file work_8.csv (CSV, C-alpha atoms)
chain,number,residue,atom,x,y,z
G,1,MET,CA,-8.5,145.8,-209.9
G,2,ALA,CA,-11.7,147.0,-208.3
G,3,TYR,CA,-13.1,144.3,-206.0
G,4,SER,CA,-16.6,144.4,-204.8
G,5,GLY,CA,-17.3,145.1,-201.1
G,6,LYS,CA,-18.1,141.4,-200.4
G,7,VAL,CA,-14.9,140.2,-202.0
G,8,ILE,CA,-12.9,142.6,-199.8
G,9,ASP,CA,-14.8,141.6,-196.7
G,10,HIS,CA,-14.1,137.9,-197.3
G,11,TYR,CA,-10.5,138.7,-198.2
G,12,GLU,CA,-9.8,140.8,-195.1
G,13,ASN,CA,-11.9,138.6,-192.8
G,14,PRO,CA,-11.8,135.2,-194.4
G,15,ARG,CA,-14.1,132.6,-192.7
G,16,ASN,CA,-12.9,129.2,-191.8
G,17,VAL,CA,-9.3,129.5,-192.7
G,18,GLY,CA,-7.3,126.5,-191.5
G,19,SER,CA,-7.0,122.7,-191.8
G,20,LEU,CA,-8.8,119.6,-190.6
G,21,ASN,CA,-7.0,116.3,-190.0
G,22,LYS,CA,-6.7,114.9,-193.5
G,23,GLU,CA,-6.1,111.4,-192.2
G,24,SER,CA,-9.4,111.3,-190.4
G,25,LEU,CA,-12.0,109.0,-192.0
G,26,ASN,CA,-14.8,111.6,-191.8
G,27,VAL,CA,-12.7,114.4,-193.4
G,28,GLY,CA,-12.6,114.9,-197.2
G,29,THR,CA,-9.9,117.0,-198.7
G,30,GLY,CA,-10.1,118.8,-202.1
G,31,LEU,CA,-6.9,120.2,-203.6
G,32,VAL,CA,-7.3,122.1,-206.8
G,33,GLY,CA,-5.3,124.6,-208.8
G,34,ALA,CA,-5.8,127.1,-211.6
G,35,PRO,CA,-2.9,126.6,-214.0
G,36,ALA,CA,-3.6,129.9,-215.7
G,37,CYS,CA,-2.7,131.9,-212.6
G,38,GLY,CA,-0.7,129.5,-210.4
G,39,ASP,CA,-3.4,129.6,-207.7
G,40,VAL,CA,-3.8,126.7,-205.3
G,41,MET,CA,-6.8,126.0,-203.1
G,42,LYS,CA,-7.4,123.4,-200.4
G,43,LEU,CA,-10.9,122.9,-199.1
G,44,GLN,CA,-11.8,120.3,-196.4
G,45,ILE,CA,-15.1,119.1,-195.1
G,46,GLN,CA,-15.9,117.2,-191.9
G,47,VAL,CA,-19.0,115.0,-192.4
G,48,SER,CA,-21.3,113.8,-189.6
G,49,GLU,CA,-22.7,110.2,-189.5
G,50,THR,CA,-25.9,111.5,-191.0
G,51,GLY,CA,-24.1,112.9,-194.0
G,52,VAL,CA,-24.2,116.6,-193.0
G,53,ILE,CA,-21.1,118.8,-193.4
G,54,GLU,CA,-20.5,119.9,-189.8
G,55,ASP,CA,-17.3,121.8,-190.5
G,56,ALA,CA,-15.4,123.2,-193.4
G,57,LYS,CA,-12.0,124.8,-193.7
G,58,PHE,CA,-9.9,126.2,-196.5
G,59,LYS,CA,-6.5,127.5,-197.4
G,60,THR,CA,-6.1,129.4,-200.6
G,61,PHE,CA,-2.9,130.9,-202.0
G,62,GLY,CA,-4.1,133.1,-204.8
G,63,CYS,CA,-5.8,136.4,-205.6
G,64,GLY,CA,-8.4,138.1,-203.6
G,65,SER,CA,-11.3,136.6,-205.6
G,66,ALA,CA,-10.0,133.1,-205.1
G,67,ILE,CA,-9.7,133.6,-201.4
G,68,ALA,CA,-13.2,135.2,-201.2
G,69,SER,CA,-14.7,132.4,-203.4
G,70,SER,CA,-13.3,129.6,-201.1
G,71,SER,CA,-14.2,131.5,-198.0
G,72,LEU,CA,-17.8,132.0,-199.1
G,73,ALA,CA,-17.9,128.3,-200.2
G,74,THR,CA,-17.0,127.0,-196.8
G,75,GLU,CA,-19.5,129.3,-195.2
G,76,TRP,CA,-22.3,128.1,-197.5
G,77,ILE,CA,-21.7,124.3,-197.3
G,78,LYS,CA,-21.5,124.2,-193.5
G,79,GLY,CA,-24.8,122.5,-192.4
G,80,MET,CA,-25.5,121.2,-195.9
G,81,THR,CA,-25.9,117.6,-196.8
G,82,LEU,CA,-23.3,116.2,-199.3
G,83,GLU,CA,-26.0,116.2,-202.0
G,84,GLN,CA,-26.8,119.9,-201.3
G,85,ALA,CA,-23.1,120.8,-201.4
G,86,MET,CA,-22.7,118.9,-204.7
G,87,SER,CA,-25.3,121.2,-206.2
G,88,VAL,CA,-23.5,124.5,-205.3
G,89,ARG,CA,-22.7,126.2,-208.6
G,90,ASN,CA,-19.9,128.6,-209.4
G,91,THR,CA,-22.5,131.0,-210.9
G,92,GLN,CA,-24.0,131.4,-207.4
G,93,ILE,CA,-20.6,132.5,-206.1
G,94,VAL,CA,-20.2,134.8,-209.0
G,95,GLN,CA,-23.5,136.5,-208.2
G,96,GLU,CA,-23.0,136.7,-204.5
G,97,LEU,CA,-19.5,138.2,-204.8
G,98,ASN,CA,-20.2,140.1,-208.0
G,99,LEU,CA,-17.1,138.8,-209.7
G,100,PRO,CA,-16.0,140.4,-213.0
G,101,PRO,CA,-15.6,138.1,-216.0
G,102,VAL,CA,-11.8,137.8,-215.6
G,103,LYS,CA,-12.3,136.4,-212.1
G,104,ILE,CA,-15.0,133.8,-212.9
G,105,HIS,CA,-12.4,131.0,-212.9
G,106,CYS,CA,-11.8,131.7,-209.2
G,107,SER,CA,-15.4,130.7,-208.5
G,108,VAL,CA,-15.0,127.7,-210.8
G,109,LEU,CA,-12.0,126.7,-208.7
G,110,ALA,CA,-14.1,126.9,-205.5
G,111,GLU,CA,-16.8,124.7,-207.0
G,112,ASP,CA,-14.2,122.2,-208.1
G,113,ALA,CA,-12.7,122.2,-204.6
G,114,ILE,CA,-16.1,121.3,-203.0
G,115,LYS,CA,-16.7,118.5,-205.5
G,116,SER,CA,-13.1,117.2,-205.0
G,117,ALA,CA,-13.5,117.2,-201.2
G,118,ILE,CA,-16.7,115.3,-201.4
G,119,ALA,CA,-15.2,112.8,-203.8
G,120,ASP,CA,-12.3,112.3,-201.5
G,121,TYR,CA,-14.6,111.8,-198.5
G,122,ARG,CA,-16.7,109.2,-200.4
G,123,ARG,CA,-13.6,107.4,-201.6
G,124,LYS,CA,-12.4,107.1,-198.0
G,125,GLN,CA,-15.8,105.8,-196.8
G,126,ARG,CA,-16.0,103.2,-199.6
G,127,GLY,CA,-12.5,102.1,-198.6
G,128,ALA,CA,-13.5,101.8,-195.0
G,129,GLN,CA,-16.5,99.7,-196.0
G,130,VAL,CA,-14.3,97.4,-198.1
G,131,GLN,CA,-12.0,97.1,-195.1
G,132,SER,CA,-14.8,96.1,-192.7
G,133,SER,CA,-16.5,93.7,-195.2
G,134,LEU,CA,-13.1,91.9,-195.5
G,135,GLY,CA,-13.3,91.3,-191.8
G,136,GLY,CA,-10.6,93.8,-190.9
G,137,SER,CA,-11.9,95.0,-187.5
F,138,MET,CA,4.0,142.1,-253.0
F,139,ILE,CA,3.5,145.1,-255.1
F,140,CYS,CA,4.7,148.4,-253.6
F,141,TRP,CA,2.0,150.8,-252.8
F,142,SER,CA,4.3,153.7,-253.7
F,143,CYS,CA,6.2,152.8,-256.9
F,144,GLU,CA,3.7,150.0,-257.9
F,145,LYS,CA,6.6,147.6,-258.7
F,146,ASN,CA,7.6,144.4,-257.0
F,147,ALA,CA,8.6,145.4,-253.5
F,148,GLY,CA,10.3,142.1,-252.5
F,149,ASP,CA,9.6,140.8,-249.0
F,150,GLY,CA,11.5,143.2,-246.8
F,151,MET,CA,10.3,146.0,-244.6
F,152,LEU,CA,11.2,148.5,-247.3
F,153,CYS,CA,10.4,148.3,-251.0
F,154,ALA,CA,13.4,146.8,-252.9
F,155,GLY,CA,12.9,149.3,-255.7
F,156,CYS,CA,11.9,152.7,-254.1
F,157,GLY,CA,12.6,152.1,-250.4
F,158,ALA,CA,9.1,152.9,-249.3
F,159,VAL,CA,8.1,151.1,-246.1
F,160,GLN,CA,5.7,148.3,-246.8
F,161,PRO,CA,2.7,147.4,-244.6
F,162,PRO,CA,3.3,144.2,-242.5
F,163,ASP,CA,2.0,140.8,-243.4
F,164,ARG,CA,-0.6,140.2,-240.7
F,165,THR,CA,-0.4,136.5,-241.1
F,166,ALA,CA,3.3,136.4,-240.3
F,167,ASP,CA,4.1,134.6,-237.0
F,168,HIS,CA,6.5,136.2,-234.5
F,169,PHE,CA,9.4,134.1,-235.9
F,170,ARG,CA,8.8,135.2,-239.4
F,171,VAL,CA,8.7,138.8,-238.4
F,172,PHE,CA,12.4,138.3,-237.6
F,173,GLY,CA,13.0,136.0,-240.6
F,174,LEU,CA,13.7,133.1,-238.2
F,175,PRO,CA,12.5,129.5,-238.2
F,176,ARG,CA,10.0,128.4,-235.6
F,177,LYS,CA,12.1,126.9,-232.9
F,178,PHE,CA,12.6,127.3,-229.1
F,179,ASP,CA,16.4,127.3,-229.1
F,180,LEU,CA,17.3,130.7,-230.6
F,181,ASP,CA,20.2,133.0,-230.1
F,182,VAL,CA,18.8,135.9,-228.1
F,183,ALA,CA,21.8,138.1,-228.8
F,184,ASP,CA,21.2,137.6,-232.5
F,185,LEU,CA,17.5,138.2,-232.0
F,186,GLU,CA,18.3,141.5,-230.2
F,187,ARG,CA,20.6,142.6,-233.0
F,188,ARG,CA,17.8,142.0,-235.5
F,189,TYR,CA,15.3,143.8,-233.3
F,190,LYS,CA,17.5,146.9,-232.9
F,191,GLU,CA,18.3,147.1,-236.6
F,192,MET,CA,14.6,146.8,-237.5
F,193,THR,CA,13.7,149.3,-234.8
F,194,LYS,CA,16.1,151.8,-236.3
F,195,VAL,CA,14.6,151.4,-239.8
F,196,LEU,CA,11.1,151.9,-238.4
F,197,HIS,CA,12.0,154.8,-236.1
F,198,PRO,CA,9.1,157.4,-236.1
F,199,ASP,CA,11.6,160.2,-236.7
F,200,ARG,CA,12.2,158.9,-240.1
F,201,PHE,CA,8.5,159.1,-241.0
F,202,ALA,CA,7.7,162.4,-239.3
F,203,ARG,CA,7.2,164.1,-242.6
F,204,ALA,CA,6.4,161.0,-244.7
F,205,ASP,CA,3.2,160.2,-246.6
F,206,GLY,CA,0.3,159.1,-244.4
F,207,ARG,CA,0.4,155.6,-245.8
F,208,ALA,CA,4.1,155.3,-245.1
F,209,ARG,CA,3.5,156.5,-241.5
F,210,ARG,CA,0.7,154.0,-240.9
F,211,ALA,CA,2.8,151.2,-242.4
F,212,SER,CA,5.8,152.0,-240.2
F,213,LEU,CA,3.6,152.2,-237.2
F,214,GLU,CA,1.9,148.8,-237.9
F,215,ARG,CA,5.3,147.3,-238.5
F,216,SER,CA,6.5,148.7,-235.1
F,217,VAL,CA,3.6,147.3,-233.2
F,218,GLN,CA,4.1,143.8,-234.8
F,219,LEU,CA,7.8,144.0,-234.2
F,220,ASN,CA,7.5,144.9,-230.5
F,221,LEU,CA,5.0,142.2,-229.8
F,222,ALA,CA,7.2,139.6,-231.6
F,223,TRP,CA,10.2,140.9,-229.6
F,224,ARG,CA,8.4,140.8,-226.2
F,225,THR,CA,7.2,137.2,-226.9
F,226,LEU,CA,10.4,135.7,-228.3
F,227,SER,CA,13.0,137.3,-226.1
F,228,GLN,CA,11.5,135.7,-223.0
F,229,PRO,CA,11.9,131.9,-222.8
F,230,VAL,CA,8.6,131.3,-221.0
F,231,ALA,CA,6.6,133.5,-223.4
F,232,ARG,CA,8.5,131.9,-226.4
F,233,ALA,CA,7.7,128.4,-225.2
F,234,GLU,CA,4.0,129.2,-224.6
F,235,TYR,CA,3.8,130.8,-228.0
F,236,LEU,CA,5.4,127.9,-229.7
F,237,LEU,CA,2.9,125.6,-228.1
F,238,SER,CA,0.0,127.9,-229.0
F,239,LEU,CA,1.1,127.8,-232.6
F,240,GLN,CA,0.5,124.1,-232.4
F,241,GLY,CA,-2.9,124.4,-230.7
F,242,VAL,CA,-1.7,123.7,-227.2
F,243,ALA,CA,-2.8,126.3,-224.6
F,244,VAL,CA,-0.9,126.3,-221.4
F,245,GLY,CA,-3.4,126.4,-218.5
F,246,GLU,CA,-5.6,128.8,-220.4
F,247,PRO,CA,-8.0,130.6,-218.1
F,248,THR,CA,-11.4,129.1,-218.7
F,249,GLY,CA,-13.2,132.3,-218.0
F,250,SER,CA,-16.5,130.7,-218.8
F,251,MET,CA,-19.4,129.4,-216.8
F,252,ARG,CA,-19.3,125.7,-216.3
F,253,SER,CA,-22.4,125.1,-218.3
F,254,GLU,CA,-20.8,126.6,-221.3
F,255,ARG,CA,-18.0,124.1,-221.3
F,256,PRO,CA,-18.7,121.0,-223.3
F,257,ASP,CA,-16.5,118.7,-221.2
F,258,ASN,CA,-18.1,120.0,-217.9
F,259,ARG,CA,-14.6,120.6,-216.6
F,260,ALA,CA,-14.0,123.8,-214.9
F,261,THR,CA,-10.3,124.0,-214.8
F,262,GLN,CA,-7.5,122.1,-216.6
F,263,PRO,CA,-6.3,119.4,-214.3
F,264,VAL,CA,-3.1,120.2,-212.5
F,265,ASP,CA,-0.9,117.3,-211.4
F,266,THR,CA,-1.9,116.5,-207.8
F,267,ALA,CA,1.7,115.9,-206.7
F,268,LEU,CA,2.6,119.4,-207.9
F,269,LEU,CA,-0.4,120.9,-206.0
F,270,VAL,CA,0.5,119.1,-202.8
F,271,GLU,CA,4.1,120.3,-203.1
F,272,VAL,CA,3.1,123.9,-203.9
F,273,MET,CA,0.6,123.9,-201.0
F,274,GLU,CA,3.3,122.7,-198.6
F,275,LEU,CA,5.7,125.3,-199.9
F,276,ARG,CA,3.2,128.1,-199.6
F,277,GLU,CA,2.3,127.1,-196.1
F,278,ALA,CA,6.0,126.9,-195.1
F,279,LEU,CA,6.5,130.4,-196.5
F,280,ALA,CA,3.5,131.8,-194.6
F,281,GLU,CA,4.7,130.2,-191.4
F,282,ALA,CA,8.3,131.4,-191.8
F,283,ARG,CA,7.0,134.9,-192.4
F,284,ALA,CA,4.7,134.8,-189.4
F,285,ARG,CA,7.7,133.9,-187.3
F,286,GLY,CA,9.8,136.6,-188.9
F,287,ASP,CA,12.3,133.9,-189.9
F,288,SER,CA,13.9,135.5,-192.9
F,289,ALA,CA,16.6,132.9,-193.1
F,290,LYS,CA,14.0,130.2,-193.7
F,291,VAL,CA,12.3,132.4,-196.3
F,292,ALA,CA,15.6,132.8,-198.1
F,293,THR,CA,16.1,129.0,-198.0
F,294,LEU,CA,12.6,128.4,-199.4
F,295,VAL,CA,13.2,130.9,-202.2
F,296,ALA,CA,16.5,129.4,-203.2
F,297,GLY,CA,15.0,125.9,-203.3
F,298,VAL,CA,12.0,127.0,-205.4
F,299,GLN,CA,14.3,128.9,-207.8
F,300,VAL,CA,16.2,125.6,-208.4
F,301,LEU,CA,12.9,123.8,-209.0
F,302,HIS,CA,11.8,126.5,-211.4
F,303,ASP,CA,15.1,126.5,-213.3
F,304,LYS,CA,15.0,122.7,-213.6
F,305,GLU,CA,11.5,122.8,-215.1
F,306,MET,CA,12.6,125.4,-217.6
F,307,ALA,CA,15.7,123.3,-218.5
F,308,GLU,CA,13.3,120.4,-219.1
F,309,VAL,CA,11.2,122.6,-221.4
F,310,ALA,CA,14.3,123.4,-223.5
F,311,ALA,CA,15.2,119.8,-223.6
F,312,GLY,CA,11.6,118.9,-224.5
F,313,PHE,CA,11.7,121.2,-227.5
F,314,ALA,CA,15.1,119.9,-228.6
F,315,ALA,CA,13.7,116.3,-228.9
F,316,GLY,CA,13.1,115.0,-232.4
F,317,GLN,CA,9.3,114.6,-231.7
F,318,PRO,CA,8.5,117.1,-228.9
F,319,ASN,CA,5.9,115.8,-226.5
F,320,LEU,CA,3.8,119.0,-226.4
F,321,ALA,CA,1.6,117.9,-223.5
F,322,ALA,CA,4.6,117.1,-221.3
F,323,ILE,CA,6.2,120.5,-222.2
F,324,ALA,CA,2.9,122.3,-221.3
F,325,ALA,CA,2.9,120.5,-217.9
F,326,ARG,CA,6.4,121.7,-217.2
F,327,LEU,CA,5.4,125.2,-218.1
F,328,VAL,CA,2.5,125.0,-215.6
F,329,ALA,CA,4.9,123.8,-212.9
F,330,GLY,CA,7.2,126.7,-213.8
F,331,ARG,CA,4.3,129.1,-213.5
F,332,TYR,CA,3.5,127.8,-210.0
F,333,TYR,CA,7.1,128.2,-208.9
F,334,ARG,CA,7.2,131.7,-210.3
F,335,ARG,CA,4.0,132.6,-208.4
F,336,PHE,CA,5.7,131.4,-205.3
F,337,LEU,CA,8.8,133.5,-206.0
F,338,GLU,CA,6.8,136.6,-206.8
F,339,GLU,CA,4.9,136.1,-203.5
F,340,ALA,CA,8.1,135.6,-201.5
F,341,GLU,CA,10.2,138.4,-202.9
F,342,PRO,CA,8.5,141.8,-202.5
F,343,HIS,CA,7.2,141.4,-199.0
F,344,GLU,CA,10.3,139.6,-197.7
F,345,GLY,CA,11.1,140.7,-194.1
F,346,GLU,CA,8.4,143.3,-193.9
F,347,GLU,CA,5.6,140.9,-192.9
F,348,GLY,CA,4.7,141.6,-189.3
F,349,PRO,CA,2.3,139.9,-187.0
F,350,ALA,CA,-1.3,140.0,-188.3
F,351,LYS,CA,-3.2,143.1,-187.2
call {"tool": "encode", "arguments": {"input": "work_8.csv", "output": "structure tokens"}}
result
Amino acid sequence: MAYSGKVIDHYENPRNVGSLNKESLNVGTGLVGAPACGDVMKLQIQVSETGVIEDAKFKTFGCGSAIASSSLATEWIKGMTLEQAMSVRNTQIVQELNLPPVKIHCSVLAEDAIKSAIADYRRKQRGAQVQSSLGGS
Amino acid sequence: MICWSCEKNAGDGMLCAGCGAVQPPDRTADHFRVFGLPRKFDLDVADLERRYKEMTKVLHPDRFARADGRARRASLERSVQLNLAWRTLSQPVARAEYLLSLQGVAVGEPTGSMRSERPDNRATQPVDTALLVEVMELREALAEARARGDSAKVATLVAGVQVLHDKEMAEVAAGFAAGQPNLAAIAARLVAGRYYRRFLEEAEPHEGEEGPAK
């Protein structure tokens, strides 16, 4: 498999590998998998009070393209608002990393992971609002 | 089928019932029919292997070295079809996935397409979250055990995942044995099995040789 230089760079020097505290209210966790290849990808975001992603971490067990896609994704979404991060498309990842057609699903996985992390964050925030409106201090 | 050589009824075997000329394969035949077997998961692999070896002998290239071009081509096409059928049916995982595909169920098919091209706007087939959580924990435990050089822990993890894998495959067999197989449930078991196999592949070849990161 001939990987592009950018894929190899992200694979050998992945950015933002690690975990954030998934119990924390301002952390959203996305966990997605590609059944076709048995890859699993975790992407976490830490969101500021103004709705900006101030930190992002990932852990991916899969091929080089899946690792590079999630590494790039965390790099991109840091500093983005949730709305901006929602609009990141897998096609942008494909272009940046020059992924071959058989590896496009890796970029799709990264996009799904971002969306899933944002959804998890929003769910937590809604839950917290319900809690406080019920008078639970 | 009319035999291309003697132009009489050839029957439905590999060779013409009348003149013995090898007949081109029926391209519409599924892998089971290639062996003259019914479509079912539970098959006797020893019996399958006997059939495979017998048919391979009949189609051996040496027998067609000096044969007519049409006979050579027919025997070659038969061999290709036979080998693909053998590779698929002799392996339980491939056999199970093939049986599902015959009924229109793809097991975690790679999407391979851009999101916009997908009508349901879903990028990947959903995988059971509990499975993903479990696999993530297992993979993290494996990475940590390796980083510590703890080969005993790696071996324990591998043994545990092997049990999980075999259990899923036993459930696949049980699923097909049911009167009305629940194909979606079988597909989910096969996806779980695939995740466990990926873990085992990842764990085996590098075992013990993983040093501290450079």
call {"tool": "closest_residue", "arguments": {"input": "work_8.csv", "among": "G:Gly51, G:Gly62, G:Leu20, G:Lys57", "to": "Tyr332 of chain F", "atoms": "only C-alpha atoms"}}
result
G:Gly62
call {"tool": "residues_around", "arguments": {"input": "work_8.csv", "residues": "Asp120 of chain G", "least_positions_apart": "4", "cutoff": "8 Å", "atoms": "only C-alpha atoms", "output": "PyMOL selection string"}}
result
chain G and resi 28-30+116+124
call {"tool": "atom_distance", "arguments": {"input": "work_8.csv", "atom1": "atom CA of Ala204 of chain F", "atom2": "atom CA of His168 of chain F"}}
result
26.8 Å
call {"tool": "residues_around", "arguments": {"input": "work_8.csv", "residues": "segment 96-102 of chain G", "least_positions_apart": "2", "cutoff": "8 Å", "atoms": "all atoms listed in the file", "output": "list in words"}}
result
Tyr3, Ser4, Lys6, Val7, Ser65, Ala68, Ser69, Gln92, Ile93, Val94, Ile104 and His105 of chain G; Gly249 and Ser250 of chain F
call {"tool": "closest_residue", "arguments": {"input": "work_8.csv", "among": "G:Gly127, G:Cys37, G:Ile53, G:Gln95", "to": "chain F", "atoms": "only C-alpha atoms"}}
result
G:Cys37
call {"tool": "atom_distance", "arguments": {"input": "work_8.csv", "atom1": "atom CA of Lys103 of chain G", "atom2": "atom CA of Arg224 of chain F"}}
result
25.4 Å
call {"tool": "interface_residues", "arguments": {"input": "work_8.csv", "of": "chain G", "to": "chain F", "cutoff": "8 Å", "atoms": "all atoms listed in the file", "output": "list of chain:residue names"}}
result
G:Leu31, G:Val32, G:Gly33, G:Ala34, G:Pro35, G:Ala36, G:Cys37, G:Gly38, G:Asp39, G:Val40, G:Met41, G:Phe61, G:Asn90, G:Thr91, G:Pro101, G:Val102, G:Lys103, G:Ile104, G:His105, G:Val108, G:Leu109, G:Asp112
call {"tool": "atom_distance", "arguments": {"input": "work_8.csv", "atom1": "atom CA of Met306 of chain F", "atom2": "atom CA of Pro318 of chain F"}}
result
14.6 Å
